[in-house]
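Listing of upload19.txt, compact mmCIF, C-alpha atoms and all ligand atoms
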# COMPACT_ATOMS: atom_id res chain seq x y z
CA MET O 1 -28.77 -11.88 36.33
CA ASN O 2 -26.80 -11.29 33.12
CA ILE O 3 -23.37 -12.92 32.88
CA ILE O 4 -20.63 -12.71 30.28
CA LEU O 5 -18.18 -15.59 30.00
CA ASN O 6 -14.89 -14.32 28.62
CA GLY O 7 -11.83 -16.38 27.78
CA ALA O 8 -9.88 -17.84 24.89
CA SER O 9 -11.22 -20.75 22.87
CA GLY O 10 -10.71 -23.80 25.05
CA SER O 11 -10.95 -21.88 28.32
CA GLY O 12 -14.13 -23.74 29.26
CA LYS O 13 -16.81 -21.08 28.64
CA GLY O 14 -19.23 -23.61 27.15
CA SER O 15 -18.85 -26.07 30.01
CA MET O 16 -19.21 -23.27 32.56
CA ALA O 17 -22.37 -22.08 30.78
CA LYS O 18 -23.96 -25.52 31.13
CA PHE O 19 -23.40 -25.48 34.92
CA LEU O 20 -24.80 -21.94 35.18
CA VAL O 21 -27.91 -22.95 33.22
CA ARG O 22 -28.39 -25.92 35.55
CA ASP O 23 -28.03 -23.90 38.78
CA PHE O 24 -29.37 -20.45 37.90
CA GLY O 25 -31.83 -21.07 35.04
CA LEU O 26 -30.32 -18.51 32.68
CA ALA O 27 -30.56 -18.59 28.87
CA HIS O 28 -27.29 -19.76 27.29
CA ILE O 29 -26.36 -17.70 24.24
CA SER O 30 -23.30 -18.87 22.32
CA THR O 31 -22.56 -16.87 19.18
CA GLY O 32 -20.39 -19.75 17.94
CA ASN O 33 -23.33 -22.19 18.28
CA ILE O 34 -25.68 -19.71 16.53
CA PHE O 35 -23.22 -19.34 13.64
CA ARG O 36 -22.60 -23.10 13.35
CA GLU O 37 -26.36 -23.86 13.34
CA ASN O 38 -26.87 -21.30 10.56
CA ILE O 39 -23.96 -22.70 8.56
CA GLU O 40 -25.37 -26.21 8.88
CA LYS O 41 -28.86 -25.08 7.82
CA GLU O 42 -27.36 -23.03 4.97
CA THR O 43 -29.33 -19.90 5.92
CA GLU O 44 -28.44 -16.46 4.52
CA LEU O 45 -26.53 -15.71 7.74
CA GLY O 46 -24.82 -19.10 7.52
CA LYS O 47 -23.61 -18.41 3.98
CA ILE O 48 -22.16 -15.04 5.03
CA VAL O 49 -20.33 -16.24 8.15
CA LYS O 50 -19.12 -19.63 6.90
CA SER O 51 -15.73 -18.52 5.58
CA TYR O 52 -14.92 -16.48 8.71
CA VAL O 53 -15.75 -19.33 11.07
CA ALA O 54 -13.85 -21.89 8.96
CA ALA O 55 -10.74 -19.69 8.99
CA GLY O 56 -10.95 -18.82 12.70
CA GLU O 57 -11.45 -15.14 11.85
CA TRP O 58 -13.93 -12.99 13.75
CA VAL O 59 -17.26 -12.43 12.02
CA PRO O 60 -17.64 -8.66 11.33
CA ASP O 61 -19.03 -6.64 14.23
CA ASP O 62 -22.16 -5.34 12.47
CA ILE O 63 -23.33 -8.90 11.72
CA THR O 64 -22.45 -10.29 15.15
CA ILE O 65 -24.03 -7.41 17.05
CA LYS O 66 -27.27 -7.72 15.07
CA VAL O 67 -27.43 -11.46 15.77
CA ILE O 68 -27.01 -10.90 19.51
CA LEU O 69 -29.44 -7.98 19.75
CA ASP O 70 -32.12 -10.08 18.00
CA ARG O 71 -31.40 -13.08 20.23
CA VAL O 72 -31.66 -11.23 23.58
CA LYS O 73 -35.13 -9.95 22.67
CA GLN O 74 -36.49 -13.51 22.85
CA GLU O 75 -38.75 -14.66 25.65
CA ASP O 76 -36.31 -17.10 27.27
CA CYS O 77 -33.91 -14.23 28.06
CA LYS O 78 -36.34 -12.55 30.51
CA ASN O 79 -34.78 -14.23 33.57
CA GLY O 80 -31.24 -13.45 32.55
CA ILE O 81 -28.62 -14.59 30.11
CA ILE O 82 -25.17 -16.12 29.85
CA LEU O 83 -23.18 -14.78 26.92
CA ASP O 84 -20.60 -17.31 25.74
CA GLY O 85 -18.22 -16.03 23.06
CA PHE O 86 -19.62 -12.49 22.96
CA PRO O 87 -18.28 -9.80 23.05
CA ARG O 88 -15.06 -10.58 21.19
CA THR O 89 -14.22 -6.97 20.28
CA LEU O 90 -14.40 -3.69 22.20
CA LYS O 91 -16.98 -2.42 19.69
CA GLN O 92 -19.25 -5.39 20.50
CA ALA O 93 -18.84 -4.71 24.25
CA GLU O 94 -19.65 -1.02 23.83
CA GLU O 95 -22.69 -1.60 21.62
CA PHE O 96 -24.08 -4.27 23.93
CA ALA O 97 -23.64 -2.02 26.99
CA LYS O 98 -26.10 0.43 25.37
CA VAL O 99 -28.93 -2.13 25.51
CA MET O 100 -28.33 -4.35 28.51
CA ASP O 101 -26.74 -4.21 31.97
CA ILE O 102 -24.21 -6.87 32.82
CA ASP O 103 -23.97 -8.08 36.42
CA LEU O 104 -20.85 -10.17 36.12
CA VAL O 105 -18.06 -10.82 33.64
CA VAL O 106 -16.16 -14.03 34.35
CA TYR O 107 -12.76 -13.98 32.68
CA ILE O 108 -11.27 -17.47 32.52
CA ASN O 109 -7.62 -16.70 31.98
CA ILE O 110 -5.62 -19.58 30.48
CA SER O 111 -2.28 -19.76 28.72
CA ASP O 112 -2.13 -20.37 24.96
CA GLU O 113 -0.54 -23.78 25.71
CA THR O 114 -3.52 -24.76 27.86
CA ALA O 115 -5.92 -23.59 25.14
CA VAL O 116 -4.18 -25.68 22.49
CA THR O 117 -4.16 -28.79 24.74
CA ARG O 118 -7.83 -28.38 25.69
CA LEU O 119 -9.01 -27.79 22.10
CA GLY O 120 -7.08 -30.83 20.90
CA ASN O 121 -8.99 -32.90 23.49
CA ARG O 122 -12.40 -31.37 22.76
CA TYR O 123 -15.30 -33.39 21.33
CA MET O 124 -18.77 -31.96 20.66
CA CYS O 125 -22.11 -33.76 20.49
CA THR O 126 -23.59 -33.91 16.98
CA LYS O 127 -27.10 -33.47 18.45
CA CYS O 128 -27.09 -31.33 21.62
CA ASN O 129 -23.73 -29.48 21.41
CA ALA O 130 -22.59 -30.85 24.79
CA ILE O 131 -18.85 -30.44 25.18
CA HIS O 132 -16.64 -33.38 26.12
CA SER O 133 -12.98 -33.65 26.93
CA ALA O 134 -10.92 -36.71 26.11
CA LYS O 135 -9.17 -35.94 29.41
CA TRP O 136 -12.26 -36.08 31.62
CA ASP O 137 -15.03 -37.84 29.70
CA ASP O 138 -15.91 -41.02 27.84
CA ILE O 139 -15.77 -39.85 24.22
CA THR O 140 -17.43 -42.86 22.60
CA LYS O 141 -20.88 -41.20 22.92
CA CYS O 142 -22.55 -38.07 24.32
CA LYS O 143 -22.86 -38.12 28.11
CA VAL O 144 -26.09 -36.07 27.89
CA CYS O 145 -28.08 -37.59 25.01
CA GLY O 146 -26.08 -40.61 23.80
CA ALA O 147 -25.52 -39.26 20.26
CA GLU O 148 -22.22 -39.42 18.38
CA LEU O 149 -19.41 -36.95 19.05
CA TYR O 150 -17.20 -35.06 16.60
CA GLN O 151 -14.18 -32.73 16.62
CA ARG O 152 -14.80 -29.23 15.28
CA GLU O 153 -13.08 -28.37 11.99
CA ASP O 154 -11.84 -25.12 13.51
CA ASP O 155 -10.21 -27.00 16.41
CA LYS O 156 -7.39 -27.98 14.02
CA ALA O 157 -3.90 -26.57 14.74
CA GLU O 158 -3.70 -23.77 12.11
CA THR O 159 -7.18 -22.42 12.82
CA ILE O 160 -6.60 -22.58 16.57
CA LYS O 161 -3.55 -20.38 16.03
CA THR O 162 -5.65 -17.78 14.18
CA ARG O 163 -8.39 -17.82 16.83
CA LEU O 164 -5.90 -17.38 19.66
CA HIS O 165 -4.15 -14.59 17.75
CA ASN O 166 -7.48 -12.77 17.26
CA PHE O 167 -8.39 -13.32 20.89
CA ASN O 168 -5.07 -11.96 22.17
CA LEU O 169 -5.34 -8.98 19.84
CA ASN O 170 -8.77 -7.93 21.11
CA ASN O 171 -9.26 -9.16 24.62
CA GLN O 172 -7.25 -6.76 26.75
CA SER O 173 -9.39 -3.82 25.64
CA ILE O 174 -12.54 -5.80 26.52
CA ILE O 175 -11.12 -6.70 29.94
CA ASP O 176 -10.18 -3.06 30.58
CA PHE O 177 -13.70 -1.98 29.58
CA TYR O 178 -15.35 -4.27 32.15
CA LYS O 179 -12.70 -3.65 34.81
CA GLU O 180 -13.60 0.01 34.64
CA GLN O 181 -17.26 -0.89 35.16
CA GLY O 182 -16.29 -2.92 38.24
CA ASN O 183 -17.96 -6.19 37.31
CA LEU O 184 -14.97 -8.33 36.32
CA PHE O 185 -14.10 -11.58 38.09
CA GLU O 186 -10.89 -13.22 36.86
CA ILE O 187 -9.92 -16.85 37.36
CA LYS O 188 -6.46 -18.05 36.47
CA ASP O 189 -7.18 -21.54 35.21
CA LYS O 190 -4.77 -24.42 34.75
CA VAL O 191 -4.83 -27.31 32.32
CA ASP O 192 -5.40 -29.85 35.13
CA ASN O 193 -8.43 -28.09 36.65
CA SER O 194 -11.63 -29.95 35.84
CA PRO O 195 -14.57 -27.89 34.46
CA GLU O 196 -16.44 -28.54 37.72
CA ASP O 197 -13.53 -27.29 39.88
CA THR O 198 -13.43 -24.04 37.93
CA TYR O 199 -17.20 -23.67 38.02
CA ASN O 200 -17.29 -24.11 41.82
CA ILE O 201 -15.04 -21.06 42.20
CA VAL O 202 -17.49 -19.00 40.14
CA LYS O 203 -20.54 -20.39 41.92
CA GLU O 204 -19.09 -19.51 45.32
CA TYR O 205 -18.37 -15.97 44.09
CA ILE O 206 -21.93 -15.52 42.76
CA ASN O 207 -23.50 -16.86 45.96
CA LYS O 208 -21.45 -14.44 48.09
CA LYS O 209 -22.24 -11.47 45.86
P1 LIG G 301 -16.74 -20.30 19.37
O1 LIG G 301 -17.67 -21.47 19.25
O2 LIG G 301 -17.16 -19.34 20.44
O3 LIG G 301 -15.31 -20.74 19.51
O4 LIG G 301 -16.84 -19.48 17.99
C1 LIG G 301 -16.55 -20.10 16.77
C2 LIG G 301 -16.29 -19.05 15.71
O5 LIG G 301 -17.46 -18.24 15.51
C3 LIG G 301 -15.19 -18.06 16.02
O6 LIG G 301 -13.89 -18.57 15.75
C4 LIG G 301 -15.57 -16.89 15.11
O7 LIG G 301 -15.27 -17.18 13.74
C5 LIG G 301 -17.10 -16.88 15.24
N1 LIG G 301 -17.54 -16.06 16.38
C6 LIG G 301 -18.16 -16.50 17.50
N2 LIG G 301 -18.46 -15.48 18.32
C7 LIG G 301 -18.02 -14.35 17.70
C8 LIG G 301 -18.01 -12.97 18.06
N3 LIG G 301 -18.52 -12.53 19.22
N4 LIG G 301 -17.47 -12.10 17.17
C9 LIG G 301 -16.96 -12.51 15.99
N5 LIG G 301 -16.91 -13.80 15.61
C10 LIG G 301 -17.43 -14.73 16.45
What does this structure look like when you write it as structure tokens?
Amino acid sequence: MNIILNGASGSGKGSMAKFLVRDFGLAHISTGNIFRENIEKETELGKIVKSYVAAGEWVPDDITIKVILDRVKQEDCKNGIILDGFPRTLKQAEEFAKVMDIDLVVYINISDETAVTRLGNRYMCTKCNAIHSAKWDDITKCKVCGAELYQREDDKAETIKTRLHNFNLNNQSIIDFYKEQGNLFEIKDKVDNSPEDTYNIVKEYINKK
């Protein structure tokens, strides 16, 4: 089973991916995590994408598509994948459709206000990337591995604005693309829904499918 998680930054794609990995054994592929790891390790890719990520701008399609096409060739993707943060442009969606079938696209639809609130509350683990919310979790240490937590640089107000602007600019065409293919499942999420509540809606849908 190949799943795409679509939604604005802060919609809960990363948290949803963790639940899907736990229950369905799929490989979690987050383009944001791949870019951040490369920036941290100062690889060639990291040097190229650093300024885009820092500014909340989308990394150019040719680079992003190459990264994803290389990643899905790896062994752990044989049983299926969860794409988290890809595609973010129609071009990415179209190119990816040429190489892999998608069974389900989950669109977590949140308001910009909810996105801003959630991102302001978001803390990431310095070691395992687990996502925490000051609303739902203890944020003194990682609930998965006990390491320290941090707030992402691009979760600051100005950069959030740019990311949401880019998302709103691109996403309708992506949604229309998958709607036409008949594999879109949309959830209208609210700020007070816990990640588990939202996940249970998706899980029920997958189990019925
Ligand atoms: P994320 O962790 O998904 O919020 O992504 C963090 C940042 O990585 C984004 O703000 C973009 O700069 C970049 N990025 C991640 N995925 C993509 C993508 N599919 N296309 C272009 N840029 C991306």
Identify, counting only C-alpha atoms and all ligand atoms, the protein, DNA and RNA residues located within 8 Å of ligand LIG 301 (chain G), and give them as a PyMOL selection string. chain O and resi 9-10+30-33+35-36+49+52-61+64-65+84-89+92+154+163
Output of the above residues as a PDB file, in the coordinates of the input, restricted to C-alpha atoms:
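out26.pdb written:
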ATOM      1  CA  SER O   9     -11.220 -20.750  22.870  1.00  0.00           C
ATOM      2  CA  GLY O  10     -10.710 -23.800  25.050  1.00  0.00           C
ATOM      3  CA  SER O  30     -23.300 -18.870  22.320  1.00  0.00           C
ATOM      4  CA  THR O  31     -22.560 -16.870  19.180  1.00  0.00           C
ATOM      5  CA  GLY O  32     -20.390 -19.750  17.940  1.00  0.00           C
ATOM      6  CA  ASN O  33     -23.330 -22.190  18.280  1.00  0.00           C
ATOM      7  CA  PHE O  35     -23.220 -19.340  13.640  1.00  0.00           C
ATOM      8  CA  ARG O  36     -22.600 -23.100  13.350  1.00  0.00           C
ATOM      9  CA  VAL O  49     -20.330 -16.240   8.150  1.00  0.00           C
ATOM     10  CA  TYR O  52     -14.920 -16.480   8.710  1.00  0.00           C
ATOM     11  CA  VAL O  53     -15.750 -19.330  11.070  1.00  0.00           C
ATOM     12  CA  ALA O  54     -13.850 -21.890   8.960  1.00  0.00           C
ATOM     13  CA  ALA O  55     -10.740 -19.690   8.990  1.00  0.00           C
ATOM     14  CA  GLY O  56     -10.950 -18.820  12.700  1.00  0.00           C
ATOM     15  CA  GLU O  57     -11.450 -15.140  11.850  1.00  0.00           C
ATOM     16  CA  TRP O  58     -13.930 -12.990  13.750  1.00  0.00           C
ATOM     17  CA  VAL O  59     -17.260 -12.430  12.020  1.00  0.00           C
ATOM     18  CA  PRO O  60     -17.640  -8.660  11.330  1.00  0.00           C
ATOM     19  CA  ASP O  61     -19.030  -6.640  14.230  1.00  0.00           C
ATOM     20  CA  THR O  64     -22.450 -10.290  15.150  1.00  0.00           C
ATOM     21  CA  ILE O  65     -24.030  -7.410  17.050  1.00  0.00           C
ATOM     22  CA  ASP O  84     -20.600 -17.310  25.740  1.00  0.00           C
ATOM     23  CA  GLY O  85     -18.220 -16.030  23.060  1.00  0.00           C
ATOM     24  CA  PHE O  86     -19.620 -12.490  22.960  1.00  0.00           C
ATOM     25  CA  PRO O  87     -18.280  -9.800  23.050  1.00  0.00           C
ATOM     26  CA  ARG O  88     -15.060 -10.580  21.190  1.00  0.00           C
ATOM     27  CA  THR O  89     -14.220  -6.970  20.280  1.00  0.00           C
ATOM     28  CA  GLN O  92     -19.250  -5.390  20.500  1.00  0.00           C
ATOM     29  CA  ASP O 154     -11.840 -25.120  13.510  1.00  0.00           C
ATOM     30  CA  ARG O 163      -8.390 -17.820  16.830  1.00  0.00           C
TER      31      ARG O 163
END
Contact table region 59-142 of chain O vs region 191-203 of chain O, cut-off 9 Å, shortest pair per residue, only C-alpha atoms, as a tab-separated table:
residue	atom	partner	partner_atom	distance
O:Val106	CA	O:Val202	CA	7.7
O:Ile108	CA	O:Thr198	CA	8.8
O:Ile110	CA	O:Val191	CA	8.0
O:Ser111	CA	O:Val191	CA	8.7
O:Glu113	CA	O:Val191	CA	8.6
O:Thr114	CA	O:Val191	CA	5.3
O:Ala115	CA	O:Val191	CA	8.2
O:Thr117	CA	O:Val191	CA	7.8
O:Arg118	CA	O:Val191	CA	7.4
O:Trp136	CA	O:Ser194	CA	7.5
Resulting file, chosen residues, C-alpha atoms, as a PDB file, in the coordinates of the input:
ATOM      1  CA  VAL O 106     -16.160 -14.030  34.350  1.00  0.00           C
ATOM      2  CA  ILE O 108     -11.270 -17.470  32.520  1.00  0.00           C
ATOM      3  CA  ILE O 110      -5.620 -19.580  30.480  1.00  0.00           C
ATOM      4  CA  SER O 111      -2.280 -19.760  28.720  1.00  0.00           C
ATOM      5  CA  GLU O 113      -0.540 -23.780  25.710  1.00  0.00           C
ATOM      6  CA  THR O 114      -3.520 -24.760  27.860  1.00  0.00           C
ATOM      7  CA  ALA O 115      -5.920 -23.590  25.140  1.00  0.00           C
ATOM      8  CA  THR O 117      -4.160 -28.790  24.740  1.00  0.00           C
ATOM      9  CA  ARG O 118      -7.830 -28.380  25.690  1.00  0.00           C
ATOM     10  CA  TRP O 136     -12.260 -36.080  31.620  1.00  0.00           C
TER      11      TRP O 136
END
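CA of Lys50 (chain O) is found 18.5 Å from CA of Ala157 (chain O).
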Can you pull out every residue within 7 Å of Tyr150 (chain O), counting all atoms listed in the file, but drop anything in the same chain fewer than 4 positions away, and send it as a list of chain:residue names?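 Neighbouring residues, sequence-local ones excluded: O:Tyr123, O:Met124, O:Cys125, O:Thr126.
For the pair CA of Ala8 (chain O) and CA of Asn129 (chain O), the separation is 18.4 Å.
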Give me the box for region 36-42 of chain O as lines of an AutoDock Vina configuration file, namely the centre and edge lengths in Å to one decimal of a box along x, y and z that holds every listed atom plus 6 Å on each side.
center_x = -25.7
center_y = -23.8
center_z = 9.2
size_x = 18.3
size_y = 16.9
size_z = 20.4
One-decimal distance in Å that lies between CA of Asn2 (chain O) and CA of Thr162 (chain O):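 The value is 29.1 Å.
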Using only C-alpha atoms, which of the listed residues (O:Lys91, O:His28, O:Lys78, O:Arg71) sits closest to Gly14 (chain O)?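 Of O:Lys91, O:His28, O:Lys78, O:Arg71, the one nearest Gly14 (chain O) is O:His28, counting only C-alpha atoms.
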For Thr159 (chain O), which residue out of O:Asn183, O:Asp176, O:Leu26, O:Val116 is the nearest one, using only C-alpha atoms?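 Counting only C-alpha atoms, the residue closest to Thr159 (chain O) is O:Val116.
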Pick out the residues sitting within 7 Å of Asp155 (chain O), and hand them over as a list in words; count all atoms listed in the file, and ignore anything fewer than 3 positions along from it in its own chain.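 Here the qualifying residues turn out to be Leu119, Gly120, Gln151, Arg152, Thr159 and Ile160 of chain O.
Compared by their closest atoms to Cys128 (chain O), and using all atoms listed in the file, the residues O:Tyr178, O:Glu37, O:Gly12, O:Ala97 rank with O:Glu37 nearest.
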Residues within 12 Å of Ile102 (chain O), please, as a list in words. Count all atoms listed in the file; anything in the same chain fewer than 2 positions from it doesn't count. Met1, Asn2, Ile3, Ile4, Leu5, Gly80, Ile81, Ile82, Leu83, Pro87, Ala93, Glu94, Phe96, Ala97, Lys98, Val99, Met100, Leu104, Val105, Val106, Tyr178, Gln181, Gly182, Asn183 and Leu184 of chain O
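Distance annotation: of O:Glu148, O:Asp137, O:Glu95, O:Glu40, the residue with the minimal separation from Ile68 (chain O) is O:Glu95; atom set is only C-alpha atoms.
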Shortest interatomic distance to Phe19 (chain O) - which of O:Leu149, O:Ile48, O:Glu75, O:Ala130, counting all atoms listed in the file: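 Distance minimum relative to Phe19 (chain O) lands on O:Ala130.
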